[in-house]
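Participant: Quick one: this structure, given as structure tokens, is what I'll be asking you about.
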Amino acid sequence: MTRPVRTARPLRVLLVEDNPGDADLTRDTLEASIEPSGRELDLQVVVDGEQAIDYLLRRGPHTAAARPDVILLDLNLPRLGGVQVLAEIKQHDQLRDIPVVVLTSSAAETDIAQSYRAGANAYVTKAGELGAFMANLQAIERFWFNAAKLP
Amino acid sequence: MGTSVSAPEPAASLAPNPEMFRLIVEAAPHAILVANPRRLIALINRRTEELFGYARDELVGQPTEILVPMQFRKAHPGHVDNFLAAPSARAMARGRELVGRRRDGSELAIEIGLTPLPTPDGLFTMASIIDITERKRYEDELRRSNAELEQFAYIASHDLQEPLRMVASYTELLGQRYRGKLDDKADKYIFYAVDGAKRMQRLVADLLTYSRVGSQGRPLVDVDTEAVVTGVVEMMRSSIRKANARIEVSPLPHVMADEVQLRQLFQNLIGNALKFRAEADPVIGIRVAHHGDQWLFCVEDNGIGIDMQYAERIFQMFQRLHERGKYEGSGIGLTIVKRIVERHGGQVWIESKPGLGTSFFFSLPSVATKAA
């Protein structure tokens, strides 16, 4: 019998987020949340949609980028918007199986509907209240980093 | 000699006098037109010439339809018949927008007052015509500027949330992680910063909700009010149970409404009644009466009541009657209620006695709705 080797490598997460305050808060919360599982988190942050696509396709400065296990995607991004990034990922043969969790402050029905239509695997809002914001991130960690079997 | 000037002029000088009558009509700031019993124009004043671009002798003797746009000409004699059947001084086509036709074929927005003039030669009709093009332009401008303001409030409150969330989150994190590690003053400063940021978050969120009433409203459709209220009561079940409240809902009608907003309206009123409850278990009654062309809804409670001198103030934005901390909320709930009712063409007001309870009344137009 072979032992599962997956536990040996850190869980790779790409966070597409232009607000450094949110990026730090997200990293802090996810790292604290995953710690008891013994697993390591490799969280990479890119700050706009174009960079996200470059990262995933290993273009430009991202030639050595590792394929993420999960993508956390903000919608309100400069240049290429979140929904467009999502659509590109889901239309791309090599990328479409990576789960994308939309993580945004928008609770607008149109954003939610558009995201799911574009192929989002989940839509989570950044709650205005810190406790609720962290609870949502912990829920993402528990479900997507632990409970769910990833490709 | 000089002392007798205050004596009234003899009434005889006001007696009918054709020349004086002509001068009065001629000097009137409104266009005036008199039609004879055969519905032909008998007399017009200078303002009518100016307004419609005709010379006097081009109009006198012509049917009044000459001033009516082509598309309305066919229906006009019927309207005249209706007026002549029950002649009384009144506004023509009350509530509808009237359009006149100038000599050059262009149209103008007008308002017309009609007065029957019985004479020995039969029933003449006087029409007093006001050009409301300017007024309509101002109304349109006002509507547009209100819509822009609402859009602005929406965008501003929406975009303010993001940076505000950063301030609130990081001051709170600072408080959580560094409490007791700095000094007492630092803890206090952090507390005030967190408290202020959270209150501002709440205000901005409320402002966003408020501006959505106008900027994100849906078209009014046939809605079953009773189903809406039942849904709201169901949704608020836990807070109703917690307050040990009883909700008594009478049969309610269908109305033309934006269902989401109607739900919000009842939710805010029921929430308000639960919040301002007295010692006794709350009893909240929801009733309706038909009044002319209006439904008159009433949400009545047995709560703490309110001094009627504040009856207007409670509907103003961010106005609260109680000190912070005693009752939750920023004071926008009733402002939203008012905004929703007004968007639906109704009015809202209260009747209340401190210590006895409050009745919130609001009217909604009752129009023919599809069968229930």
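Identifiers in this document derive from the order of the structure tokens: chains are assigned A, B, ..., residues are numbered from 1 separately in each chain, and ligands are numbered from 1 in order of occurrence.
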Do a neighbour search on Ala156 of chain B at 10 Å with only C-alpha atoms, toss out local chain neighbours closer than 5 positions, and write the hits as a list of chain:residue names.

Facilitator: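 Residues meeting the cut-off are B:Glu150, B:Gln151, B:Gln161, B:Val204, B:Leu207, B:Leu208.
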
Participant: May I have all residues of chain A that DSSP, computed from the backbone, assigns to helix (DSSP H, G or I), given as number ranges by chain?

Facilitator: A: 6-8, 20-37, 49-56, 60-62, 82-91, 109-117, 130-147

Participant: With a distance threshold of 8 Å and counting only C-alpha atoms, extract the residues of chain A near chain B and express them as a VMD selection string.

Facilitator: chain A and resid 21 to 22 105 128 to 130

Participant: Which residue gives the smallest distance to Phe360 of chain B among B:Ile306, B:Ala278, B:Leu59, B:Leu40, with only C-alpha atoms counted?

Facilitator: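 Selected residue with least distance to Phe360 of chain B: B:Ile306.
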
Participant: Which residues, written as a list in words, have at least one atom at most 12 Å from Ala113 of chain A, with only C-alpha atoms counted and residues fewer than 5 positions away on the same chain left out?

Facilitator: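 The neighbour list is Val83, Val102, Ser106, Ala107, Ala108, Ala118, Gly119, Ala120, Ala122 and Tyr123 of chain A.
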
Participant: Got time to write the residues from that selection, N, CA and C atoms, as a compact mmCIF listing (two decimals), in the first residue's frame?

Facilitator:
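In the end it all went to again11.txt:
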```txt
# COMPACT_ATOMS: atom_id res chain seq x y z
N VAL A 83 -15.25 38.47 -12.96
CA VAL A 83 -16.12 37.57 -13.72
C VAL A 83 -15.44 37.16 -15.03
N VAL A 102 -15.43 32.41 -5.43
CA VAL A 102 -15.50 33.87 -5.51
C VAL A 102 -15.60 34.42 -4.09
N SER A 106 -19.28 42.16 -2.65
CA SER A 106 -20.58 42.40 -3.31
C SER A 106 -21.59 41.31 -2.98
N ALA A 107 -22.77 41.72 -2.55
CA ALA A 107 -23.85 40.76 -2.34
C ALA A 107 -24.93 40.98 -3.40
N ALA A 108 -24.57 41.69 -4.48
CA ALA A 108 -25.55 42.00 -5.52
C ALA A 108 -25.98 40.73 -6.25
N ALA A 118 -20.84 31.90 -14.97
CA ALA A 118 -19.49 31.81 -15.55
C ALA A 118 -18.73 30.60 -15.02
N GLY A 119 -19.34 29.85 -14.09
CA GLY A 119 -18.72 28.62 -13.65
C GLY A 119 -18.10 28.62 -12.26
N ALA A 120 -18.47 29.61 -11.44
CA ALA A 120 -17.93 29.65 -10.08
C ALA A 120 -18.32 28.38 -9.32
N ALA A 122 -18.17 28.29 -5.93
CA ALA A 122 -18.85 28.80 -4.74
C ALA A 122 -18.76 30.32 -4.75
N TYR A 123 -19.69 30.94 -4.06
CA TYR A 123 -19.71 32.40 -3.99
C TYR A 123 -19.83 32.77 -2.52
```

Participant: What's the 6 Å shell around segment 83-88 of chain B, counting only C-alpha atoms, without same-chain residues fewer than 2 positions away, as a list in words?

Facilitator: Val80, Asp81 and Pro116 of chain B

Participant: Skip Glu141 of chain A itself and residues of its chain fewer than 2 positions away, then list as a PyMOL selection string all residues within 10 Å of it, counting only C-alpha atoms.

Facilitator: chain A and resi 29-34+135-139+143-148

Participant: Taking into account only C-alpha atoms, which residue in the set B:Leu33, B:Val99, B:Ile41, B:Ala153 is nearest to Met126 of chain B?

Facilitator: B:Leu33

Participant: My list of candidates is B:Gly180, B:Gly105, B:Pro253, B:Gly100. Which is closest to Arg287 of chain B when distances are computed with only C-alpha atoms?

Facilitator: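 The answer is B:Pro253, which sits nearest to Arg287 of chain B.
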